[in-house]
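S.K.: Below is the file upload33.tsv, with TSV, C-alpha atoms.
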chain	number	residue	atom	x	y	z
A	1	MET	CA	-73.21	-34.06	101.83
A	2	LYS	CA	-70.73	-34.89	99.06
A	3	ILE	CA	-71.36	-37.36	96.24
A	4	LEU	CA	-68.79	-38.57	93.70
A	5	PHE	CA	-69.62	-39.78	90.21
A	6	LEU	CA	-66.72	-41.43	88.35
A	7	GLY	CA	-66.74	-41.68	84.55
A	8	ASP	CA	-66.52	-44.89	82.50
A	9	VAL	CA	-63.86	-47.19	83.98
A	10	VAL	CA	-61.80	-48.65	81.13
A	11	GLY	CA	-60.32	-52.13	81.56
A	12	LYS	CA	-57.71	-53.29	84.05
A	13	PRO	CA	-55.79	-49.97	84.13
A	14	GLY	CA	-58.96	-48.10	85.07
A	15	ARG	CA	-59.96	-50.69	87.67
A	16	HIS	CA	-56.55	-50.62	89.33
A	17	ALA	CA	-56.48	-46.82	89.37
A	18	VAL	CA	-59.94	-46.61	90.95
A	19	ARG	CA	-59.01	-49.27	93.47
A	20	SER	CA	-55.88	-47.37	94.50
A	21	LEU	CA	-57.41	-43.88	94.54
A	22	LEU	CA	-61.04	-44.20	95.62
A	23	PRO	CA	-60.52	-45.21	99.28
A	24	ARG	CA	-58.34	-42.13	99.80
A	25	LEU	CA	-60.86	-39.88	98.05
A	26	ILE	CA	-63.67	-41.18	100.24
A	27	THR	CA	-61.68	-40.18	103.31
A	28	THR	CA	-60.14	-36.90	102.19
A	29	GLU	CA	-63.26	-35.57	100.44
A	30	LYS	CA	-65.58	-36.93	103.13
A	31	LEU	CA	-67.73	-38.60	100.47
A	32	ALA	CA	-71.10	-39.91	101.55
A	33	PHE	CA	-71.90	-41.80	98.34
A	34	VAL	CA	-70.04	-42.97	95.22
A	35	VAL	CA	-71.49	-43.80	91.80
A	36	VAL	CA	-69.24	-45.36	89.14
A	37	ASN	CA	-70.00	-46.07	85.47
A	38	CYS	CA	-68.73	-49.59	84.81
A	39	GLU	CA	-69.75	-50.39	81.25
A	40	ASN	CA	-66.16	-50.73	79.96
A	41	VAL	CA	-64.53	-52.20	83.05
A	42	ALA	CA	-64.03	-55.76	81.77
A	43	GLY	CA	-61.31	-55.79	79.10
A	44	GLY	CA	-62.39	-52.40	77.77
A	45	THR	CA	-65.98	-53.27	76.95
A	46	GLY	CA	-68.71	-54.65	79.18
A	47	VAL	CA	-68.75	-55.72	82.82
A	48	ASP	CA	-68.73	-59.14	84.47
A	49	PRO	CA	-69.47	-60.19	88.06
A	50	GLY	CA	-65.80	-60.21	89.07
A	51	THR	CA	-65.04	-56.70	87.84
A	52	ALA	CA	-68.28	-55.36	89.32
A	53	ARG	CA	-67.33	-56.80	92.72
A	54	GLU	CA	-63.88	-55.24	92.39
A	55	LEU	CA	-65.45	-51.78	92.07
A	56	PHE	CA	-67.82	-52.41	94.97
A	57	ASP	CA	-64.87	-53.50	97.10
A	58	ALA	CA	-63.04	-50.28	96.16
A	59	GLY	CA	-65.88	-48.21	97.61
A	60	ALA	CA	-68.54	-47.81	94.90
A	61	ASP	CA	-72.09	-47.72	96.26
A	62	VAL	CA	-73.88	-48.02	92.89
A	63	LEU	CA	-72.63	-48.96	89.42
A	64	THR	CA	-74.26	-47.51	86.30
A	65	SER	CA	-73.70	-48.74	82.75
A	66	GLY	CA	-74.74	-48.17	79.15
A	67	ASN	CA	-74.86	-49.74	75.72
A	68	HIS	CA	-72.12	-52.31	76.46
A	69	ILE	CA	-73.82	-53.80	79.53
A	70	TRP	CA	-74.62	-57.17	77.88
A	71	ARG	CA	-71.14	-57.86	76.41
A	72	SER	CA	-70.44	-60.51	79.08
A	73	LYS	CA	-72.99	-63.32	79.16
A	74	ASP	CA	-72.28	-63.83	82.87
A	75	ILE	CA	-73.75	-60.44	83.70
A	76	VAL	CA	-77.32	-61.40	82.76
A	77	GLU	CA	-77.94	-63.57	85.82
A	78	TYR	CA	-75.80	-61.40	88.12
A	79	ILE	CA	-77.62	-58.15	87.34
A	80	ASP	CA	-80.96	-59.72	88.25
A	81	HIS	CA	-79.95	-60.24	91.89
A	82	GLU	CA	-77.46	-57.36	92.37
A	83	GLU	CA	-79.61	-54.26	92.72
A	84	ARG	CA	-76.56	-51.99	93.02
A	85	LEU	CA	-75.66	-52.66	89.35
A	86	LEU	CA	-77.90	-50.74	86.97
A	87	ARG	CA	-78.59	-50.96	83.25
A	88	PRO	CA	-80.30	-48.10	81.38
A	89	ALA	CA	-83.86	-47.71	82.63
A	90	ASN	CA	-85.21	-46.99	79.15
A	91	PHE	CA	-84.16	-50.36	77.72
A	92	PRO	CA	-87.19	-52.33	76.49
A	93	ALA	CA	-89.52	-53.80	79.09
A	94	GLY	CA	-88.67	-57.31	80.23
A	95	VAL	CA	-84.89	-57.17	79.96
A	96	PRO	CA	-82.94	-58.34	83.04
A	97	GLY	CA	-81.96	-56.01	85.84
A	98	ARG	CA	-83.23	-52.59	86.84
A	99	GLY	CA	-82.62	-49.01	85.75
A	100	TRP	CA	-82.86	-47.21	89.07
A	101	VAL	CA	-82.34	-47.92	92.73
A	102	VAL	CA	-82.92	-46.17	96.06
A	103	ARG	CA	-80.17	-46.84	98.61
A	104	GLU	CA	-80.27	-46.01	102.30
A	105	LEU	CA	-77.18	-44.66	104.06
A	106	PRO	CA	-76.27	-45.71	107.63
A	107	GLY	CA	-77.83	-42.51	109.00
A	108	GLY	CA	-81.14	-43.19	107.28
A	109	GLN	CA	-80.72	-40.76	104.35
A	110	ARG	CA	-81.94	-42.22	101.05
A	111	ILE	CA	-80.33	-41.60	97.67
A	112	ALA	CA	-81.88	-42.53	94.32
A	113	VAL	CA	-79.71	-43.28	91.29
A	114	VAL	CA	-81.20	-43.43	87.78
A	115	ASN	CA	-79.41	-44.78	84.69
A	116	LEU	CA	-80.68	-43.43	81.35
A	117	ILE	CA	-79.32	-43.84	77.83
A	118	GLY	CA	-79.69	-41.49	74.88
A	119	ARG	CA	-81.01	-42.35	71.40
A	120	VAL	CA	-79.04	-39.94	69.20
A	121	PHE	CA	-76.30	-41.93	67.37
A	122	MET	CA	-77.14	-44.84	69.69
A	123	ASP	CA	-79.42	-47.88	69.59
A	124	SER	CA	-83.17	-47.38	69.24
A	125	VAL	CA	-84.55	-47.74	72.76
A	126	ASP	CA	-87.46	-46.27	74.69
A	127	CYS	CA	-87.57	-42.49	75.12
A	128	PRO	CA	-85.41	-41.40	78.09
A	129	PHE	CA	-87.26	-38.09	78.38
A	130	GLN	CA	-90.72	-39.58	78.72
A	131	LEU	CA	-89.41	-42.18	81.17
A	132	ALA	CA	-87.72	-39.51	83.28
A	133	GLU	CA	-90.98	-37.55	83.41
A	134	ARG	CA	-92.88	-40.61	84.62
A	135	LEU	CA	-90.21	-41.74	87.07
A	136	MET	CA	-89.33	-38.53	88.92
A	137	PRO	CA	-92.55	-38.24	91.01
A	138	GLU	CA	-92.08	-41.84	92.23
A	139	LEU	CA	-88.47	-41.24	93.23
A	140	LEU	CA	-89.05	-37.83	94.81
A	141	ALA	CA	-91.76	-39.39	96.98
A	142	GLN	CA	-89.02	-41.54	98.52
A	143	THR	CA	-86.10	-39.09	98.68
A	144	PRO	CA	-85.18	-35.54	97.64
A	145	ILE	CA	-81.78	-36.76	96.38
A	146	VAL	CA	-81.88	-38.10	92.81
A	147	ILE	CA	-78.67	-38.65	90.82
A	148	VAL	CA	-79.05	-39.25	87.06
A	149	ASP	CA	-76.41	-40.82	84.81
A	150	MET	CA	-77.32	-39.69	81.28
A	151	HIS	CA	-75.30	-42.06	79.09
A	152	GLY	CA	-75.23	-40.60	75.61
A	153	GLU	CA	-73.30	-39.55	72.54
A	154	ALA	CA	-74.89	-36.20	71.73
A	155	THR	CA	-74.17	-33.18	73.89
A	156	SER	CA	-77.52	-31.65	72.90
A	157	GLU	CA	-79.44	-34.67	74.20
A	158	LYS	CA	-77.59	-34.61	77.52
A	159	SER	CA	-78.10	-30.87	77.87
A	160	ALA	CA	-81.81	-31.23	77.16
A	161	MET	CA	-82.09	-33.88	79.89
A	162	GLY	CA	-80.38	-31.51	82.30
A	163	TRP	CA	-82.90	-28.78	81.55
A	164	LEU	CA	-85.83	-31.19	81.68
A	165	LEU	CA	-84.86	-32.25	85.21
A	166	ALA	CA	-83.62	-28.85	86.42
A	167	GLY	CA	-85.05	-28.20	89.86
A	168	ARG	CA	-86.10	-31.82	90.30
A	169	ALA	CA	-82.98	-34.00	90.07
A	170	SER	CA	-80.05	-33.28	92.38
A	171	ALA	CA	-77.61	-33.97	89.53
A	172	VAL	CA	-77.67	-34.88	85.85
A	173	LEU	CA	-74.19	-36.09	84.90
A	174	GLY	CA	-73.21	-37.42	81.49
A	175	SER	CA	-71.16	-40.47	80.59
A	176	HIS	CA	-70.18	-42.50	77.48
A	177	THR	CA	-67.84	-40.25	75.43
A	178	HIS	CA	-64.83	-40.70	77.78
A	179	VAL	CA	-63.97	-37.01	77.22
A	180	GLN	CA	-64.39	-34.76	80.23
A	181	THR	CA	-66.25	-31.52	79.49
A	182	ALA	CA	-65.65	-28.17	81.20
A	183	ASP	CA	-69.28	-27.08	81.49
A	184	GLU	CA	-70.05	-28.02	85.09
A	185	ARG	CA	-72.69	-25.71	86.57
A	186	ILE	CA	-75.69	-25.53	88.86
A	187	LEU	CA	-78.91	-25.23	86.86
A	188	PRO	CA	-81.88	-23.23	88.19
A	189	GLY	CA	-83.56	-25.02	91.07
A	190	GLY	CA	-80.32	-26.57	92.30
A	191	THR	CA	-79.47	-29.31	89.79
A	192	ALA	CA	-75.78	-30.03	89.22
A	193	TYR	CA	-75.05	-30.57	85.53
A	194	MET	CA	-72.04	-31.69	83.48
A	195	THR	CA	-72.23	-32.99	79.90
A	196	ASP	CA	-69.62	-35.71	80.39
A	197	VAL	CA	-67.59	-36.52	83.48
A	198	GLY	CA	-64.87	-38.28	81.44
A	199	MET	CA	-63.28	-41.67	82.03
A	200	CYS	CA	-61.06	-43.61	84.37
A	201	GLY	CA	-58.60	-44.92	81.80
A	202	PRO	CA	-55.19	-44.55	80.13
A	203	MET	CA	-54.46	-40.90	79.33
A	204	ASP	CA	-52.12	-41.47	76.34
A	205	SER	CA	-54.84	-43.18	74.33
A	206	VAL	CA	-57.90	-42.58	72.19
A	207	ILE	CA	-60.75	-42.82	74.75
A	208	GLY	CA	-58.85	-45.59	76.54
A	209	VAL	CA	-57.83	-47.63	73.47
A	210	ARG	CA	-54.29	-48.00	72.09
A	211	ARG	CA	-53.97	-44.93	69.90
A	212	GLU	CA	-52.05	-46.59	67.05
A	213	GLN	CA	-54.90	-49.09	66.56
A	214	VAL	CA	-57.50	-46.35	66.36
A	215	ILE	CA	-55.38	-44.25	64.00
A	216	GLN	CA	-54.86	-47.24	61.71
A	217	ARG	CA	-58.59	-47.91	61.69
A	218	PHE	CA	-59.21	-44.32	60.57
A	219	LEU	CA	-56.49	-44.63	57.90
A	220	ASP	CA	-57.60	-47.85	56.21
A	221	HIS	CA	-61.05	-48.60	57.67
A	222	MET	CA	-60.06	-52.25	58.13
A	223	PRO	CA	-61.45	-54.20	61.10
A	224	VAL	CA	-59.18	-54.40	64.12
A	225	ARG	CA	-59.59	-55.73	67.65
A	226	PHE	CA	-59.13	-52.74	69.94
A	227	GLU	CA	-57.00	-53.19	73.05
A	228	VAL	CA	-56.91	-51.12	76.22
A	229	ALA	CA	-53.89	-48.81	76.27
A	230	SER	CA	-51.22	-48.77	78.98
A	231	GLY	CA	-49.40	-46.06	80.89
A	232	PRO	CA	-50.60	-43.39	83.33
A	233	VAL	CA	-54.32	-43.38	84.07
A	234	LEU	CA	-56.64	-40.39	84.46
A	235	VAL	CA	-59.35	-40.82	87.06
A	236	GLN	CA	-62.07	-38.37	86.09
A	237	GLY	CA	-65.45	-37.54	87.51
A	238	ALA	CA	-67.54	-34.95	89.30
A	239	ILE	CA	-67.96	-34.15	92.99
A	240	VAL	CA	-71.31	-32.67	93.96
A	241	ASP	CA	-72.03	-30.92	97.26
A	242	LEU	CA	-75.68	-31.36	98.23
A	243	ASP	CA	-78.06	-30.06	100.83
A	244	ALA	CA	-79.16	-33.40	102.28
A	245	ALA	CA	-82.48	-32.02	103.48
A	246	THR	CA	-83.64	-30.57	100.15
A	247	GLY	CA	-81.55	-32.57	97.66
A	248	ARG	CA	-80.47	-29.34	95.97
A	249	ALA	CA	-76.91	-29.11	94.65
A	250	LEU	CA	-74.80	-26.37	96.19
A	251	LYS	CA	-71.60	-26.89	94.21
A	252	VAL	CA	-70.18	-29.13	91.48
A	253	ARG	CA	-66.55	-29.49	90.45
A	254	ARG	CA	-64.55	-31.62	88.10
A	255	LEU	CA	-62.29	-34.34	89.45
A	256	GLN	CA	-59.17	-35.25	87.49
A	257	GLU	CA	-56.31	-37.14	89.09
A	258	ARG	CA	-53.39	-38.89	87.45
A	259	VAL	CA	-52.44	-42.35	88.69
A	260	GLU	CA	-49.09	-43.78	87.59
A	261	ARG	CA	-48.84	-47.43	86.61
Would you write the structure of this file as structure tokens?
M.R.:
Amino acid sequence: MKILFLGDVVGKPGRHAVRSLLPRLITTEKLAFVVVNCENVAGGTGVDPGTARELFDAGADVLTSGNHIWRSKDIVEYIDHEERLLRPANFPAGVPGRGWVVRELPGGQRIAVVNLIGRVFMDSVDCPFQLAERLMPELLAQTPIVIVDMHGEATSEKSAMGWLLAGRASAVLGSHTHVQTADERILPGGTAYMTDVGMCGPMDSVIGVRREQVIQRFLDHMPVRFEVASGPVLVQGAIVDLDAATGRALKVRRLQERVER
């Protein structure tokens, strides 16, 4: 069984690239399940109902997110009734939406997806490590296949989550930095790990934003409204081969495809 996890989709260029590429990938790679991080899909920050539906229509089975999930006020009501759209599970109790979901494939196989967010250089939220420890027995009682999106800034925090869940989760895959790392590996016990799967956004940019705006901000530290860059788009992610019976990862590889615009 093959599962694809696509990194943060950035604005309209990222959406259009995913929409044009994902259906072909599903066919050629024989993908059974697709997870997409959507937290920057609407105008470069946040997600709204329309952009979420666009990714579902392109072939995404579950959407994960991160610290920008609440940027669109329209998402608050939508996320409460759309179980396929996740917000970080370790947000404070009582916030809208859910942080994990178990989906059933047509053949009856179940797949759990968990969305966590780190605390290093990020907002102060509940501990993702303690939550993961509490949550894993509940999920593994329903399915051996558990995919974790660890949305975080610090590589050490993501790596620690990978080791915490080694041998229990099928995959721990990082998001948020928009920079694809080259450390994909199978951890002991059969857990696919990668610190950051990258982004689906303009390649000639600074993490998806017009580079001249970011450079100017570093030069003078004056406030500026960032805009999504244009030009060719990189669609980045990770493809994980799993043993469907045990949930153990057999192989993980980076995906990086260029889409012209």
S.K.: When distances are computed from only C-alpha atoms, which of A:Met203, A:Cys38, A:Val197, A:Ile75 shows the smallest separation from A:Pro232?
M.R.: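 Among the listed residues, A:Met203 lies closest to A:Pro232.
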S.K.: Any idea what's packed within 12 Å of A:Val125, counting all atoms listed in the file, ignoring anything in its chain fewer than 4 positions away? Could you give it as an MDAnalysis selection string?
M.R.: chainID A and resid 66:67 88:93 95 116:121 129:131
S.K.: Please identify all polymer residues within 10 Å of A:Ser205, counting all atoms listed in the file, omitting same-chain residues fewer than 2 positions from it, and present them as a CSV table (one decimal) with C-alpha atoms, in the frame of the given file.
M.R.:
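Listed below is the output, out_35.csv:
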chain,number,residue,atom,x,y,z
A,201,GLY,CA,-58.6,-44.9,81.8
A,202,PRO,CA,-55.2,-44.6,80.1
A,203,MET,CA,-54.5,-40.9,79.3
A,207,ILE,CA,-60.8,-42.8,74.8
A,208,GLY,CA,-58.8,-45.6,76.5
A,209,VAL,CA,-57.8,-47.6,73.5
A,210,ARG,CA,-54.3,-48.0,72.1
A,211,ARG,CA,-54.0,-44.9,69.9
A,212,GLU,CA,-52.0,-46.6,67.0
A,213,GLN,CA,-54.9,-49.1,66.6
A,214,VAL,CA,-57.5,-46.4,66.4
A,228,VAL,CA,-56.9,-51.1,76.2
A,229,ALA,CA,-53.9,-48.8,76.3
A,230,SER,CA,-51.2,-48.8,79.0
A,231,GLY,CA,-49.4,-46.1,80.9
A,232,PRO,CA,-50.6,-43.4,83.3
A,233,VAL,CA,-54.3,-43.4,84.1
S.K.: Between atom CA of A:Glu104 and atom CA of A:Ala244, measure the distance and give it in Å to one decimal.
M.R.: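 Distance reported for this atom pair: 12.7 Å.
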S.K.: What is the atom CA of A:Arg71 to atom CA of A:His221 distance in Å?
M.R.: 23.2 Å
S.K.: What does the distance from atom CA of A:Thr246 to atom CA of A:Ile145 come to in Å, to one decimal?
M.R.: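 Computing the Euclidean distance for atom CA of A:Thr246 and atom CA of A:Ile145 yields 7.5 Å.
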S.K.: With only C-alpha atoms as the atoms that count, which of A:Arg84, A:Arg248, A:Val62, A:Gly97 lies nearest to A:Gly167?
M.R.: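 Once distances to A:Gly167 are computed over only C-alpha atoms, the minimum belongs to A:Arg248.
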S.K.: Out of A:Val146, A:Ala169, A:Met199, A:Leu187, which residue has the shortest atom-to-atom distance to A:Gly14 when counting only C-alpha atoms?
M.R.: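 Ranked by minimum distance to A:Gly14, first place goes to A:Met199.
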S.K.: I want to know what sits within 7 Å of A:Asp48, based on all atoms listed in the file, with residues of the same chain fewer than 5 positions away left out; could you give that as a PyMOL selection string?
M.R.: chain A and resi 42+72+74-75
S.K.: Go ahead and save the residues from that selection, with C-alpha atoms, as a CSV table (one decimal), keeping the file's coordinate frame.
M.R.:
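Okay, again-v6.csv is ready:
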chain,number,residue,atom,x,y,z
A,42,ALA,CA,-64.0,-55.8,81.8
A,72,SER,CA,-70.4,-60.5,79.1
A,74,ASP,CA,-72.3,-63.8,82.9
A,75,ILE,CA,-73.8,-60.4,83.7
S.K.: I'd like the neighbourhood of A:Ile3 as a ChimeraX atom specification, where a residue qualifies if any of its atoms comes within 6 Å (using all atoms listed in the file), though same-chain residues fewer than 6 positions away should be ignored.
M.R.: /A:31-34,239-240
S.K.: Find the residues around A:Pro137 up to 12 Å (only C-alpha atoms counted), leave out those fewer than 3 positions away in its own chain, and share them as a ChimeraX atom specification.
M.R.: /A:112,131-134,140-144,146,165,168-169
S.K.: With C-alpha atoms kept, could you save the residues just selected as a short mmCIF file (atom, residue, chain, number, x, y, z; two decimals), keeping the file's coordinate frame?
M.R.:
data_model
loop_
_atom_site.label_atom_id
_atom_site.label_comp_id
_atom_site.auth_asym_id
_atom_site.auth_seq_id
_atom_site.Cartn_x
_atom_site.Cartn_y
_atom_site.Cartn_z
CA ALA A 112 -81.88 -42.53 94.32
CA LEU A 131 -89.41 -42.18 81.17
CA ALA A 132 -87.72 -39.51 83.28
CA GLU A 133 -90.98 -37.55 83.41
CA ARG A 134 -92.88 -40.61 84.62
CA LEU A 140 -89.05 -37.83 94.81
CA ALA A 141 -91.76 -39.39 96.98
CA GLN A 142 -89.02 -41.54 98.52
CA THR A 143 -86.10 -39.09 98.68
CA PRO A 144 -85.18 -35.54 97.64
CA VAL A 146 -81.88 -38.10 92.81
CA LEU A 165 -84.86 -32.25 85.21
CA ARG A 168 -86.10 -31.82 90.30
CA ALA A 169 -82.98 -34.00 90.07
#
S.K.: Go through A:Glu260, A:Glu39, A:Asp57, A:Glu82 and flag the residue nearest A:Asp204, using all atoms listed in the file for the distances.
M.R.: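 Between A:Glu260, A:Glu39, A:Asp57, A:Glu82, the residue approaching A:Asp204 most closely is A:Glu260.
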S.K.: Considering all atoms listed in the file, state which residue in the set A:Ser65, A:Phe226, A:Leu139, A:Val47 is at the smallest distance from A:Arg110.
M.R.: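 With all atoms listed in the file as the atom set, the closest residue is A:Leu139.
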S.K.: So, with only C-alpha atoms as the atoms that count, which of A:Ile215, A:Met222, A:Val259, A:Leu85 lies closest to A:Ala52?
M.R.: A:Leu85
